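Visitor: Just so it is clear, I am handing over entry-v3.txt, which has compact mmCIF, C-alpha atoms and all ligand atoms.
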```
# COMPACT_ATOMS: atom_id res chain seq x y z
CA LEU A 1 -48.67 -193.07 -7.35
CA PHE A 2 -50.05 -192.93 -3.84
CA THR A 3 -51.02 -195.99 -1.92
CA GLY A 4 -52.08 -196.31 1.67
CA GLN A 5 -52.53 -198.65 4.55
CA LEU A 6 -54.98 -198.78 7.38
CA ASP A 7 -54.32 -200.72 10.57
CA TRP A 8 -56.09 -201.11 13.86
CA THR A 9 -54.99 -202.18 17.27
CA GLU A 10 -56.88 -202.71 20.48
CA CYS A 11 -55.75 -200.53 23.37
CA VAL A 12 -55.56 -201.70 26.98
CA ASP A 13 -58.69 -199.75 27.90
CA GLY A 14 -60.68 -201.66 25.28
CA THR A 15 -60.81 -198.82 22.74
CA PHE A 16 -59.28 -199.11 19.31
CA SER A 17 -56.60 -197.13 17.62
CA ILE A 18 -56.66 -196.76 13.86
CA GLY A 19 -53.37 -196.17 12.07
CA VAL A 20 -53.38 -194.62 8.62
CA SER A 21 -50.38 -194.17 6.40
CA LYS A 22 -49.92 -192.84 2.91
CA SER A 23 -46.88 -193.10 0.73
CA GLY A 24 -45.96 -192.68 -2.86
CA ALA A 25 -43.79 -190.98 -5.41
CA TYR A 26 -44.34 -189.07 -8.62
CA PRO A 27 -42.16 -187.83 -11.44
CA LEU A 28 -40.74 -184.31 -11.45
CA ILE A 29 -39.32 -183.40 -14.83
CA VAL A 30 -37.27 -180.22 -15.06
CA GLY A 31 -35.52 -178.93 -18.16
CA ARG A 32 -35.69 -176.69 -21.17
CA GLY A 33 -37.87 -178.08 -23.93
CA GLU A 34 -39.34 -180.80 -21.73
CA LEU A 35 -42.93 -179.82 -22.55
CA ALA A 36 -42.48 -182.02 -25.63
CA LYS A 37 -42.41 -185.00 -23.25
CA LEU A 38 -45.99 -184.38 -22.09
CA PRO A 39 -47.66 -187.09 -24.22
CA GLU A 40 -45.10 -189.66 -23.08
CA LEU A 41 -45.53 -188.60 -19.47
CA LEU A 42 -49.31 -188.83 -19.61
CA GLN A 43 -49.01 -192.23 -21.24
CA GLN A 44 -47.12 -193.47 -18.19
CA ILE A 45 -49.50 -192.16 -15.56
CA LEU A 46 -52.86 -192.15 -17.24
CA GLU A 47 -55.55 -194.50 -16.08
CA SER A 48 -58.30 -192.94 -18.17
CA ASP A 49 -58.86 -191.47 -21.59
CA SER A 50 -59.94 -188.06 -20.44
CA VAL A 51 -57.99 -184.92 -19.58
CA PHE A 52 -59.21 -181.47 -18.58
CA ILE A 53 -56.71 -178.69 -19.19
CA VAL A 54 -57.31 -175.81 -16.81
CA THR A 55 -55.54 -172.58 -17.69
CA ASP A 56 -56.09 -168.84 -17.45
CA ASP A 57 -57.13 -166.43 -20.16
CA CYS A 58 -53.62 -164.99 -20.47
CA VAL A 59 -51.58 -168.21 -20.47
CA SER A 60 -54.07 -169.71 -22.92
CA ASP A 61 -52.99 -167.14 -25.56
CA PHE A 62 -49.43 -168.43 -25.44
CA LEU A 63 -49.54 -172.06 -24.45
CA LEU A 64 -52.94 -173.67 -24.91
CA ASP A 65 -52.53 -174.38 -28.63
CA ILE A 66 -49.15 -175.99 -28.33
CA THR A 67 -50.31 -178.09 -25.38
CA THR A 68 -53.45 -179.33 -27.09
CA ARG A 69 -51.48 -179.97 -30.29
CA LEU A 70 -49.10 -182.18 -28.31
CA LEU A 71 -52.04 -184.26 -27.14
CA ARG A 72 -53.81 -184.36 -30.50
CA ASN A 73 -52.25 -187.59 -31.68
CA SER A 74 -53.09 -189.45 -28.53
CA SER A 75 -56.45 -191.11 -28.11
CA LEU A 76 -57.26 -188.76 -25.26
CA ARG A 77 -60.46 -186.81 -24.95
CA VAL A 78 -59.20 -183.33 -24.13
CA GLN A 79 -61.48 -180.65 -22.71
CA THR A 80 -60.46 -177.16 -21.67
CA VAL A 81 -61.52 -174.85 -18.87
CA ILE A 82 -60.31 -171.25 -19.01
CA ILE A 83 -60.46 -169.09 -15.90
CA PRO A 84 -59.72 -165.35 -15.62
CA ALA A 85 -56.02 -164.58 -14.99
CA GLY A 86 -55.05 -163.21 -11.60
CA GLU A 87 -55.26 -163.79 -7.87
CA GLY A 88 -59.01 -163.09 -7.96
CA SER A 89 -59.43 -166.58 -9.42
CA LYS A 90 -58.18 -168.20 -6.22
CA SER A 91 -61.76 -167.97 -5.06
CA TRP A 92 -64.72 -170.08 -4.15
CA ALA A 93 -66.59 -168.78 -7.21
CA THR A 94 -63.88 -170.02 -9.60
CA THR A 95 -63.59 -173.29 -7.70
CA GLU A 96 -67.32 -173.80 -8.22
CA LYS A 97 -67.04 -172.88 -11.88
CA VAL A 98 -64.30 -175.46 -12.49
CA LEU A 99 -66.15 -178.10 -10.46
CA SER A 100 -69.27 -177.54 -12.51
CA CYS A 101 -67.32 -177.81 -15.81
CA LEU A 102 -65.91 -181.12 -14.58
CA SER A 103 -69.28 -182.41 -13.55
CA SER A 104 -71.09 -181.37 -16.73
CA GLY A 105 -68.13 -182.50 -18.89
CA GLY A 106 -68.37 -186.03 -17.53
CA ALA A 107 -65.17 -186.09 -15.46
CA ARG A 108 -64.63 -189.32 -13.55
CA ARG A 109 -62.42 -190.60 -10.73
CA ARG A 110 -59.48 -191.27 -13.05
CA THR A 111 -59.84 -188.14 -15.19
CA ILE A 112 -56.67 -186.06 -15.03
CA LEU A 113 -56.70 -182.32 -14.49
CA LEU A 114 -53.82 -180.57 -16.14
CA ALA A 115 -52.89 -177.28 -14.46
CA LEU A 116 -51.31 -175.09 -17.12
CA GLY A 117 -50.44 -171.73 -15.62
CA GLY A 118 -48.91 -169.75 -12.81
CA GLY A 119 -49.24 -170.20 -9.06
CA VAL A 120 -52.90 -169.24 -9.18
CA VAL A 121 -53.83 -172.00 -11.62
CA CYS A 122 -51.63 -174.56 -9.81
CA ASP A 123 -53.09 -173.73 -6.36
CA LEU A 124 -56.68 -173.69 -7.63
CA VAL A 125 -56.47 -176.83 -9.78
CA GLY A 126 -54.77 -178.72 -6.95
CA PHE A 127 -57.58 -177.68 -4.65
CA VAL A 128 -60.31 -178.65 -7.10
CA ALA A 129 -58.57 -181.99 -7.75
CA SER A 130 -58.44 -182.66 -4.02
CA ILE A 131 -62.17 -182.22 -3.45
CA PHE A 132 -63.80 -183.41 -6.69
CA MET A 133 -65.01 -186.98 -6.08
CA ARG A 134 -62.87 -186.96 -2.90
CA GLY A 135 -59.73 -186.51 -4.91
CA ILE A 136 -58.74 -187.01 -8.52
CA PRO A 137 -55.26 -186.86 -10.09
CA TYR A 138 -53.72 -183.69 -11.48
CA VAL A 139 -50.55 -182.81 -13.34
CA CYS A 140 -48.82 -179.46 -12.88
CA ILE A 141 -47.26 -177.63 -15.79
CA PRO A 142 -46.15 -174.39 -14.11
CA THR A 143 -45.67 -171.49 -16.51
CA SER A 144 -44.61 -168.59 -14.28
CA LEU A 145 -41.32 -168.32 -12.43
CA ILE A 146 -43.05 -168.47 -9.03
CA ALA A 147 -44.99 -171.54 -10.03
CA GLN A 148 -41.91 -173.28 -11.49
CA LEU A 149 -39.65 -172.82 -8.52
CA ASP A 150 -42.20 -172.78 -5.73
CA ALA A 151 -45.95 -173.27 -6.14
CA ALA A 152 -45.79 -176.50 -8.15
CA ILE A 153 -43.56 -178.14 -5.54
CA GLY A 154 -44.87 -179.46 -2.23
CA GLY A 155 -48.51 -180.35 -2.80
CA LYS A 156 -49.98 -177.29 -1.10
CA THR A 157 -53.25 -176.21 -2.69
CA GLY A 158 -55.70 -173.50 -1.81
CA ILE A 159 -57.82 -170.46 -2.39
CA ASP A 160 -58.23 -167.11 -0.65
CA PHE A 161 -61.35 -166.84 1.47
CA ASN A 162 -63.10 -164.08 3.35
CA GLY A 163 -60.30 -161.68 2.44
CA SER A 164 -57.61 -163.96 3.90
CA LYS A 165 -54.88 -165.45 1.78
CA ASN A 166 -54.92 -169.24 1.35
CA LEU A 167 -57.45 -169.65 4.16
CA VAL A 168 -59.05 -172.69 2.53
CA GLY A 169 -56.94 -175.45 1.07
CA THR A 170 -55.55 -178.94 1.24
CA PHE A 171 -52.42 -180.97 0.79
CA HIS A 172 -52.83 -182.86 -2.44
CA HIS A 173 -49.76 -183.77 -4.44
CA PRO A 174 -49.94 -183.90 -8.22
CA VAL A 175 -49.29 -187.18 -10.03
CA ALA A 176 -46.55 -185.47 -12.05
CA VAL A 177 -44.87 -182.08 -12.38
CA LEU A 178 -43.33 -180.90 -15.62
CA VAL A 179 -41.20 -177.77 -15.39
CA ASP A 180 -40.03 -176.31 -18.69
CA PRO A 181 -38.19 -172.97 -18.25
CA ASP A 182 -38.62 -172.26 -21.98
CA LEU A 183 -42.26 -171.48 -21.17
CA LEU A 184 -41.05 -168.39 -19.29
CA VAL A 185 -40.14 -166.62 -22.50
CA THR A 186 -43.50 -164.82 -22.69
CA LEU A 187 -43.69 -164.01 -18.98
CA PRO A 188 -43.78 -160.25 -18.33
CA GLN A 189 -40.75 -158.71 -16.59
CA ARG A 190 -42.78 -157.83 -13.52
CA GLU A 191 -43.75 -161.48 -13.05
CA ILE A 192 -40.12 -162.53 -13.47
CA ARG A 193 -39.06 -160.11 -10.76
CA SER A 194 -41.82 -161.40 -8.52
CA GLY A 195 -40.51 -164.95 -9.02
CA LEU A 196 -36.95 -163.86 -8.27
CA ALA A 197 -38.13 -162.81 -4.80
CA GLU A 198 -38.99 -166.44 -3.97
CA ALA A 199 -35.62 -167.55 -5.34
CA ILE A 200 -33.87 -164.99 -3.11
CA LYS A 201 -35.88 -166.36 -0.18
CA VAL A 202 -34.53 -169.85 -0.76
CA GLY A 203 -31.00 -168.44 -1.20
CA VAL A 204 -31.20 -166.58 2.12
CA LEU A 205 -32.61 -169.67 3.85
CA LEU A 206 -30.05 -172.23 2.77
CA ASP A 207 -28.47 -171.80 -0.63
CA ARG A 208 -25.45 -169.47 -0.67
CA GLU A 209 -24.55 -170.29 -4.26
CA LEU A 210 -28.03 -169.51 -5.52
CA PHE A 211 -27.95 -166.26 -3.57
CA ALA A 212 -24.60 -165.31 -5.08
CA ARG A 213 -25.99 -165.99 -8.55
CA LEU A 214 -28.97 -163.76 -7.83
CA GLU A 215 -26.69 -160.98 -6.55
CA LEU A 216 -24.98 -160.95 -9.92
CA MET A 217 -28.21 -161.10 -11.87
CA ASN A 218 -28.51 -158.27 -14.31
CA PRO A 219 -32.12 -157.14 -13.91
CA LEU A 220 -32.22 -156.19 -17.56
CA LEU A 221 -31.30 -159.71 -18.54
CA THR A 222 -34.19 -161.42 -16.84
CA THR A 223 -35.32 -162.74 -20.17
CA ASP A 224 -32.15 -164.81 -20.26
CA ILE A 225 -33.86 -168.19 -20.06
CA ALA A 226 -30.61 -170.09 -19.50
CA SER A 227 -29.91 -168.28 -16.23
CA LEU A 228 -33.56 -168.49 -15.16
CA ALA A 229 -33.46 -172.24 -15.84
CA ALA A 230 -30.44 -172.63 -13.55
CA ILE A 231 -32.19 -170.61 -10.84
CA VAL A 232 -35.35 -172.73 -11.17
CA GLU A 233 -33.39 -175.98 -10.80
CA ASP A 234 -31.44 -174.82 -7.75
CA ALA A 235 -34.48 -173.36 -6.02
CA ILE A 236 -36.51 -176.55 -6.54
CA VAL A 237 -33.78 -178.70 -5.01
CA SER A 238 -33.49 -176.34 -2.04
CA LYS A 239 -37.26 -176.18 -1.52
CA ILE A 240 -37.48 -179.97 -1.46
CA GLN A 241 -34.68 -180.01 1.10
CA LEU A 242 -36.61 -177.54 3.26
CA LEU A 243 -39.81 -179.59 3.05
CA ARG A 244 -38.15 -182.89 3.80
CA ASP A 245 -38.72 -182.98 7.57
CA ASP A 246 -42.18 -181.48 7.63
CA PRO A 247 -44.00 -182.05 4.33
CA PHE A 248 -47.45 -181.45 5.86
CA GLU A 249 -46.52 -178.28 7.71
CA ARG A 250 -47.34 -179.68 11.12
CA SER A 251 -45.07 -177.10 12.63
CA LEU A 252 -46.32 -173.53 12.49
CA ALA A 253 -42.73 -172.36 12.83
CA ARG A 254 -41.29 -172.90 9.38
CA LEU A 255 -38.30 -171.43 7.66
CA LEU A 256 -40.15 -171.27 4.34
CA ASN A 257 -42.35 -168.58 5.88
CA LEU A 258 -39.51 -166.05 5.54
CA GLY A 259 -41.11 -162.80 4.41
CA HIS A 260 -44.53 -164.44 4.13
CA THR A 261 -46.49 -163.41 7.22
CA VAL A 262 -45.97 -159.75 6.43
CA GLY A 263 -46.08 -160.50 2.68
CA HIS A 264 -49.51 -162.16 2.93
CA ALA A 265 -50.71 -159.33 5.17
CA ILE A 266 -49.60 -156.75 2.58
CA GLU A 267 -51.40 -158.64 -0.17
CA ALA A 268 -54.61 -158.84 1.89
CA ALA A 269 -54.36 -155.23 3.08
CA THR A 270 -54.08 -154.02 -0.51
CA ARG A 271 -56.88 -156.34 -1.69
CA PHE A 272 -54.62 -158.54 -3.78
CA ASP A 273 -54.36 -156.04 -6.59
CA LYS A 274 -51.49 -153.71 -5.80
CA TYR A 275 -48.62 -156.11 -5.24
CA ARG A 276 -47.66 -159.32 -6.96
CA HIS A 277 -47.10 -162.14 -4.46
CA GLY A 278 -43.30 -161.98 -4.79
CA GLU A 279 -43.27 -158.20 -4.49
CA ALA A 280 -45.11 -158.41 -1.17
CA VAL A 281 -42.78 -161.19 0.01
CA ALA A 282 -39.77 -159.03 -0.95
CA ILE A 283 -41.01 -156.27 1.37
CA GLY A 284 -41.65 -158.90 4.06
CA MET A 285 -38.06 -160.15 3.68
CA GLY A 286 -36.71 -156.60 3.78
CA ILE A 287 -38.59 -155.99 7.04
CA ALA A 288 -37.38 -159.30 8.54
CA THR A 289 -33.80 -158.40 7.61
CA GLU A 290 -34.06 -154.96 9.16
CA ILE A 291 -35.57 -156.42 12.36
CA SER A 292 -32.76 -158.96 12.51
CA ARG A 293 -30.20 -156.17 12.25
CA GLY A 294 -32.11 -154.22 14.93
CA ARG A 295 -31.70 -157.20 17.27
CA ASN A 296 -28.06 -157.52 16.28
CA LEU A 297 -28.73 -161.00 14.92
CA CYS A 298 -27.13 -160.29 11.57
CA SER A 299 -24.19 -158.18 10.49
CA LEU A 300 -24.42 -154.91 8.62
CA GLU A 301 -22.89 -156.70 5.67
CA THR A 302 -25.56 -159.43 5.65
CA ARG A 303 -28.31 -156.84 5.83
CA GLU A 304 -26.75 -154.91 2.97
CA ARG A 305 -26.32 -157.99 0.83
CA ILE A 306 -29.94 -159.09 1.25
CA LEU A 307 -31.45 -155.66 0.66
CA SER A 308 -29.19 -154.96 -2.31
CA CYS A 309 -29.91 -158.35 -3.85
CA LEU A 310 -33.66 -157.66 -3.66
CA GLU A 311 -33.18 -154.20 -5.12
CA ASN A 312 -30.84 -155.48 -7.81
CA CYS A 313 -33.61 -157.81 -8.96
CA GLY A 314 -35.90 -154.81 -9.25
CA LEU A 315 -37.81 -155.46 -6.03
CA ASP A 316 -38.79 -152.62 -3.73
CA VAL A 317 -38.29 -153.23 -0.01
CA ALA A 318 -40.13 -150.20 1.35
CA LEU A 319 -43.74 -150.53 2.47
CA PRO A 320 -45.46 -147.19 1.82
CA LEU A 321 -46.63 -145.75 5.15
CA GLU A 322 -50.21 -145.48 3.90
CA TYR A 323 -50.43 -149.31 4.02
CA PHE A 324 -48.80 -149.72 7.42
CA GLY A 325 -52.00 -149.69 9.53
CA ALA A 326 -53.98 -152.05 7.30
CA THR A 327 -51.03 -154.42 6.90
CA PHE A 328 -50.47 -154.84 10.62
CA GLN A 329 -54.19 -155.31 11.21
CA GLU A 330 -53.91 -158.22 8.80
CA VAL A 331 -50.87 -159.50 10.69
CA ASP A 332 -53.15 -159.58 13.77
CA VAL A 333 -55.71 -161.58 11.80
CA ILE A 334 -53.00 -164.10 10.91
CA ARG A 335 -51.90 -164.17 14.57
CA ARG A 336 -55.46 -165.02 15.67
CA ILE A 337 -55.68 -167.78 13.06
CA ARG A 338 -52.49 -169.23 14.58
CA ASN A 339 -53.86 -169.33 18.14
CA GLY A 340 -52.46 -165.96 19.14
CA LYS A 341 -48.85 -166.86 18.42
CA LEU A 342 -46.83 -165.47 15.58
CA ASN A 343 -43.34 -166.56 14.65
CA GLU A 344 -41.09 -164.56 12.43
CA VAL A 345 -38.19 -165.91 10.39
CA LEU A 346 -35.12 -163.68 10.62
CA PRO A 347 -31.97 -163.97 8.50
CA ILE A 348 -28.76 -164.24 10.50
CA ALA A 349 -26.38 -164.85 7.58
CA ILE A 350 -26.68 -165.68 3.91
CA GLY A 351 -27.90 -169.27 3.91
CA GLU A 352 -28.95 -169.24 7.55
CA CYS A 353 -32.10 -168.04 9.29
CA VAL A 354 -33.60 -168.36 12.72
CA ILE A 355 -37.22 -168.54 13.88
CA VAL A 356 -38.11 -166.17 16.72
CA ASP A 357 -41.22 -166.13 18.84
CA GLU A 358 -42.78 -162.71 18.64
CA VAL A 359 -41.85 -159.46 17.02
CA SER A 360 -43.33 -156.33 18.56
CA ILE A 361 -45.27 -153.81 16.54
CA ASP A 362 -42.58 -151.26 17.48
CA GLU A 363 -39.94 -153.39 15.84
CA TYR A 364 -42.04 -153.76 12.70
CA GLU A 365 -42.63 -150.04 12.63
CA ALA A 366 -38.95 -149.18 13.12
CA ALA A 367 -38.03 -151.56 10.30
CA VAL A 368 -40.62 -150.07 7.94
CA HIS A 369 -39.34 -146.55 8.66
CA ALA A 370 -35.70 -147.56 8.18
CA LEU A 371 -36.53 -149.11 4.80
CA ILE A 372 -38.48 -146.05 3.68
CA GLN A 373 -35.49 -143.86 4.56
CA ARG A 374 -33.14 -146.20 2.75
CA SER A 375 -35.20 -146.16 -0.39
CA ALA A 376 -35.46 -142.35 -0.28
CA LYS A 377 -31.66 -142.21 0.06
CA TYR A 378 -30.78 -144.71 -2.65
CA GLY A 379 -33.78 -143.97 -4.82
CA SER A 380 -34.76 -147.64 -5.21
N1 LIG B 1 -48.69 -173.69 -3.25
C1 LIG B 1 -47.54 -173.12 -2.98
O1 LIG B 1 -46.66 -173.73 -2.35
C2 LIG B 1 -47.29 -171.72 -3.45
C3 LIG B 1 -45.98 -171.22 -3.44
C4 LIG B 1 -45.75 -169.94 -3.93
C5 LIG B 1 -46.80 -169.18 -4.41
N2 LIG B 1 -48.06 -169.70 -4.39
C6 LIG B 1 -49.19 -168.91 -4.90
O2 LIG B 1 -48.96 -168.62 -6.27
C7 LIG B 1 -49.64 -167.41 -6.59
C8 LIG B 1 -48.70 -166.50 -7.34
O3 LIG B 1 -48.26 -167.16 -8.48
P1 LIG B 1 -47.95 -166.35 -9.83
O4 LIG B 1 -47.13 -165.17 -9.49
O5 LIG B 1 -47.48 -167.33 -10.80
O6 LIG B 1 -49.40 -165.76 -10.20
P2 LIG B 1 -50.34 -165.98 -11.48
O7 LIG B 1 -50.70 -167.40 -11.61
O8 LIG B 1 -51.42 -164.98 -11.33
O9 LIG B 1 -49.40 -165.60 -12.71
C9 LIG B 1 -48.97 -164.29 -12.86
C10 LIG B 1 -49.40 -163.69 -14.22
O10 LIG B 1 -48.55 -164.23 -15.21
C11 LIG B 1 -49.33 -164.77 -16.27
N3 LIG B 1 -48.53 -165.87 -16.82
C12 LIG B 1 -48.23 -167.05 -16.25
N4 LIG B 1 -47.42 -167.75 -17.04
C13 LIG B 1 -47.20 -167.01 -18.16
C14 LIG B 1 -46.42 -167.20 -19.33
N5 LIG B 1 -45.65 -168.28 -19.51
N6 LIG B 1 -46.44 -166.22 -20.26
C15 LIG B 1 -47.17 -165.08 -20.08
N7 LIG B 1 -47.91 -164.85 -18.99
C16 LIG B 1 -47.91 -165.80 -18.03
C17 LIG B 1 -50.62 -165.18 -15.63
O11 LIG B 1 -51.66 -165.21 -16.58
C18 LIG B 1 -50.83 -164.06 -14.63
O12 LIG B 1 -51.42 -162.95 -15.26
C19 LIG B 1 -50.10 -166.80 -5.29
O13 LIG B 1 -51.47 -167.00 -5.12
C20 LIG B 1 -49.31 -167.57 -4.24
O14 LIG B 1 -49.98 -167.63 -3.01
C21 LIG B 1 -48.31 -170.94 -3.93
ZN ZN B 2 -44.61 -167.41 -1.61
```
Is it possible to express this structure as structure tokens?
Ligand SMILES: NC(=O)c1ccc[n+]([C@@H]2O[C@H](COP(=O)([O-])OP(=O)(O)OC[C@H]3O[C@@H](n4cnc5c(N)ncnc54)[C@H](O)[C@@H]3O)[C@@H](O)[C@H]2O)c1
Ligand SMILES: [Zn+2]
Guide:
Amino acid sequence: LFTGQLDWTECVDGTFSIGVSKSGAYPLIVGRGELAKLPELLQQILESDSVFIVTDDCVSDFLLDITTRLLRNSSLRVQTVIIPAGEGSKSWATTEKVLSCLSSGGARRRTILLALGGGVVCDLVGFVASIFMRGIPYVCIPTSLIAQLDAAIGGKTGIDFNGSKNLVGTFHHPVAVLVDPDLLVTLPQREIRSGLAEAIKVGVLLDRELFARLELMNPLLTTDIASLAAIVEDAIVSKIQLLRDDPFERSLARLLNLGHTVGHAIEAATRFDKYRHGEAVAIGMGIATEISRGRNLCSLETRERILSCLENCGLDVALPLEYFGATFQEVDVIRRIRNGKLNEVLPIAIGECVIVDEVSIDEYEAAVHALIQRSAKYGS
């Protein structure tokens, strides 16, 4: 678990400099059927006898019973908090609700929160865990594809605020992550497709083999847990590789943002209820690819491979024109939040991207039009 050190030195001008460091490690368990290891895992990391499972009212139907049953034979006091499913729960109101359940349920500094759910539950629980009593431990059991290959990895937590995606949040790593692809068996097809978008992102950024696997993916076979499990494992390894040099996102120019500035803007512009996160990111990646081609940074073949891979996984790349104005207003909001500067990540080859300084609204518009025409032509 995490430990820290605090040092001070006296500077030549008589002032002091305080040095703070934090380091630690935690288990990441990935594999089919690994949920059964939960009691053993908790045994290793637990410093208290109380656990709060936080889940949503959809995941609870499928996975709450089995999870509580696994913990029944332990001496743990298990309490449950159920929040409404969906992005709307990444809110201050739900944060407050969970905080108040913890407070009235007698949670203490060593109580463990167990996030059982998709990216929404993982982001929210991580956030709550980071602020309750100045930080308590939490364990992530991601149950959606996005959460398994992305949201549960990296320690980023947060909620949407004032209409802006992830505007409030923290870095707070879990004390353990348990990824069991068998839990995906009840995940609706649309959510699987949304998760595949994040896997394609990682493939385009640095993992040619993963990308090739996704190109061959039969969209009708997305319930094939064995191939999803392989995708989850590869994408996790690649994400960790991408986070290695900048785990706290000090740099605003980050490869992992591929498709995300526009993707987040689309989500906000459509009030978080028209597109799933991955669907919006897929459009963002399509636009980035088209812009890259427009600047002659990638070949026709690369563009075709990326767009076809997204489409093959059932993801639309065309942003309907009716959302264009609102989306690019949101892009301006994001630009302001980032001190007036906006980077864009553009693919130059499969497994290789570049970060560019600014993309003009004309380039965005041309890309959106080209993708609309393409989808009219190929009927995607
Ligand atoms: N922190 C990060 O690094 C990070 C990375 C990627 C995405 N995210 C965030 O994650 C969120 C998107 O995650 P998501 O797509 O998982 O959303 P989600 O949590 O809303 O889950 C999608 C839907 O699937 C249901 N579901 C989840 N697991 C299920 C299962 N096993 N069986 C049946 N239904 C199941 C949920 O109830 C929900 O209705 C976004 O808010 C995004 O910003 C965060
Ligand atoms: Zn994402």
Visitor: Near Asn257 of chain A, within 8 Å and counting only C-alpha atoms, which residues show up once chain neighbours fewer than 4 positions away are dropped, as a VMD selection string?
Guide: chain A and resid 253 261 344 to 345
Visitor: If I wrap all listed atoms of segment 290-303 of chain A in a box with edges along x, y and z and add 5 Å on each side, what are its centre and edge lengths in Å to one decimal, as JSON?
Guide:
```
{"center_x": -29.2, "center_y": -157.6, "center_z": 11.5, "size_x": 22.7, "size_y": 16.8, "size_z": 21.6}
```
Visitor: Show me which residues line ligand ZN 2 (chain B), defined as having an atom within 10 Å of a ligand atom where all atoms listed in the file count, and present them as a list in words.
Guide: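 Checked against 10 Å with all atoms listed in the file; the hits are Gly119, Ile146, Ala147, Asp150, Ala151, Ser194, Gly195, Ala197, Glu198, Ala199, Lys201, Leu256, Asn257, Leu258, Gly259, His260, Thr261, Gly263, His264, His277, Gly278, Glu279, Ala280, Val281 and Ala282 of chain A.
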Visitor: For ligand LIG 1 (chain B), collect every residue having any atom at a distance of at most 8 Å from a ligand atom (counting all atoms listed in the file); output as an MDAnalysis selection string.
Guide: chainID A and resid 56:59 62:63 85:87 90 117:123 142:147 150:159 165:166 183:188 191 194:195 198 276:278
Visitor: Select, from A:Ile287, A:Ala107, A:Ala25, A:Ile18, the residue with the minimum atom-to-atom distance to Ser50 of chain A, counting only C-alpha atoms.
Guide: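 Selected residue with least distance to Ser50 of chain A: A:Ala107.
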Visitor: One decimal, in Å: what's the spacing between atom CA of Arg134 of chain A and atom CA of Phe171 of chain A?
Guide: 12.6 Å
Visitor: Please provide as a short mmCIF file (atom, residue, chain, number, x, y, z; two decimals) with C-alpha atoms, in the coordinates of the input all residues within 10 Å of Leu242 of chain A, with the sequence filter that same-chain residues fewer than 5 positions apart are discarded (counting only C-alpha atoms).
Guide:
```cif
data_model
loop_
_atom_site.label_atom_id
_atom_site.label_comp_id
_atom_site.auth_asym_id
_atom_site.auth_seq_id
_atom_site.Cartn_x
_atom_site.Cartn_y
_atom_site.Cartn_z
CA VAL A 202 -34.53 -169.85 -0.76
CA LEU A 205 -32.61 -169.67 3.85
CA LEU A 206 -30.05 -172.23 2.77
CA ILE A 236 -36.51 -176.55 -6.54
CA VAL A 237 -33.78 -178.70 -5.01
CA PRO A 247 -44.00 -182.05 4.33
CA ARG A 254 -41.29 -172.90 9.38
CA LEU A 255 -38.30 -171.43 7.66
CA LEU A 256 -40.15 -171.27 4.34
#
```
Visitor: Nearest to Val356 of chain A: which of A:Thr55, A:Thr170, A:Ser292, A:Ser251 is it, counting all atoms listed in the file?
Guide: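 Among A:Thr55, A:Thr170, A:Ser292, A:Ser251, it is A:Ser292 that comes nearest to Val356 of chain A.
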Visitor: Find the residues near Glu311 of chain A: any atom within 12 Å, counting all atoms listed in the file, skip ones fewer than 6 places away on the same chain, and give them as a PDB file with C-alpha atoms, in the frame of the given file.
Guide:
```pdb
ATOM      1  CA  ARG A 193     -39.060-160.110 -10.760  1.00  0.00           C
ATOM      2  CA  SER A 194     -41.820-161.400  -8.520  1.00  0.00           C
ATOM      3  CA  LEU A 196     -36.950-163.860  -8.270  1.00  0.00           C
ATOM      4  CA  ALA A 197     -38.130-162.810  -4.800  1.00  0.00           C
ATOM      5  CA  ILE A 200     -33.870-164.990  -3.110  1.00  0.00           C
ATOM      6  CA  LEU A 214     -28.970-163.760  -7.830  1.00  0.00           C
ATOM      7  CA  GLU A 215     -26.690-160.980  -6.550  1.00  0.00           C
ATOM      8  CA  LEU A 216     -24.980-160.950  -9.920  1.00  0.00           C
ATOM      9  CA  MET A 217     -28.210-161.100 -11.870  1.00  0.00           C
ATOM     10  CA  ASN A 218     -28.510-158.270 -14.310  1.00  0.00           C
ATOM     11  CA  PRO A 219     -32.120-157.140 -13.910  1.00  0.00           C
ATOM     12  CA  GLU A 279     -43.270-158.200  -4.490  1.00  0.00           C
ATOM     13  CA  ALA A 282     -39.770-159.030  -0.950  1.00  0.00           C
ATOM     14  CA  ILE A 283     -41.010-156.270   1.370  1.00  0.00           C
ATOM     15  CA  MET A 285     -38.060-160.150   3.680  1.00  0.00           C
ATOM     16  CA  GLY A 286     -36.710-156.600   3.780  1.00  0.00           C
ATOM     17  CA  GLU A 304     -26.750-154.910   2.970  1.00  0.00           C
ATOM     18  CA  ARG A 305     -26.320-157.990   0.830  1.00  0.00           C
ATOM     19  CA  VAL A 317     -38.290-153.230  -0.010  1.00  0.00           C
ATOM     20  CA  ALA A 318     -40.130-150.200   1.350  1.00  0.00           C
ATOM     21  CA  LEU A 371     -36.530-149.110   4.800  1.00  0.00           C
ATOM     22  CA  ARG A 374     -33.140-146.200   2.750  1.00  0.00           C
ATOM     23  CA  SER A 375     -35.200-146.160  -0.390  1.00  0.00           C
ATOM     24  CA  TYR A 378     -30.780-144.710  -2.650  1.00  0.00           C
ATOM     25  CA  GLY A 379     -33.780-143.970  -4.820  1.00  0.00           C
ATOM     26  CA  SER A 380     -34.760-147.640  -5.210  1.00  0.00           C
TER      27      SER A 380
END
```
Visitor: In Å to one decimal, how far is atom CA of Ala176 of chain A from atom CA of Glu233 of chain A?
Guide: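 Atom CA of Ala176 of chain A lies 16.3 Å from atom CA of Glu233 of chain A.
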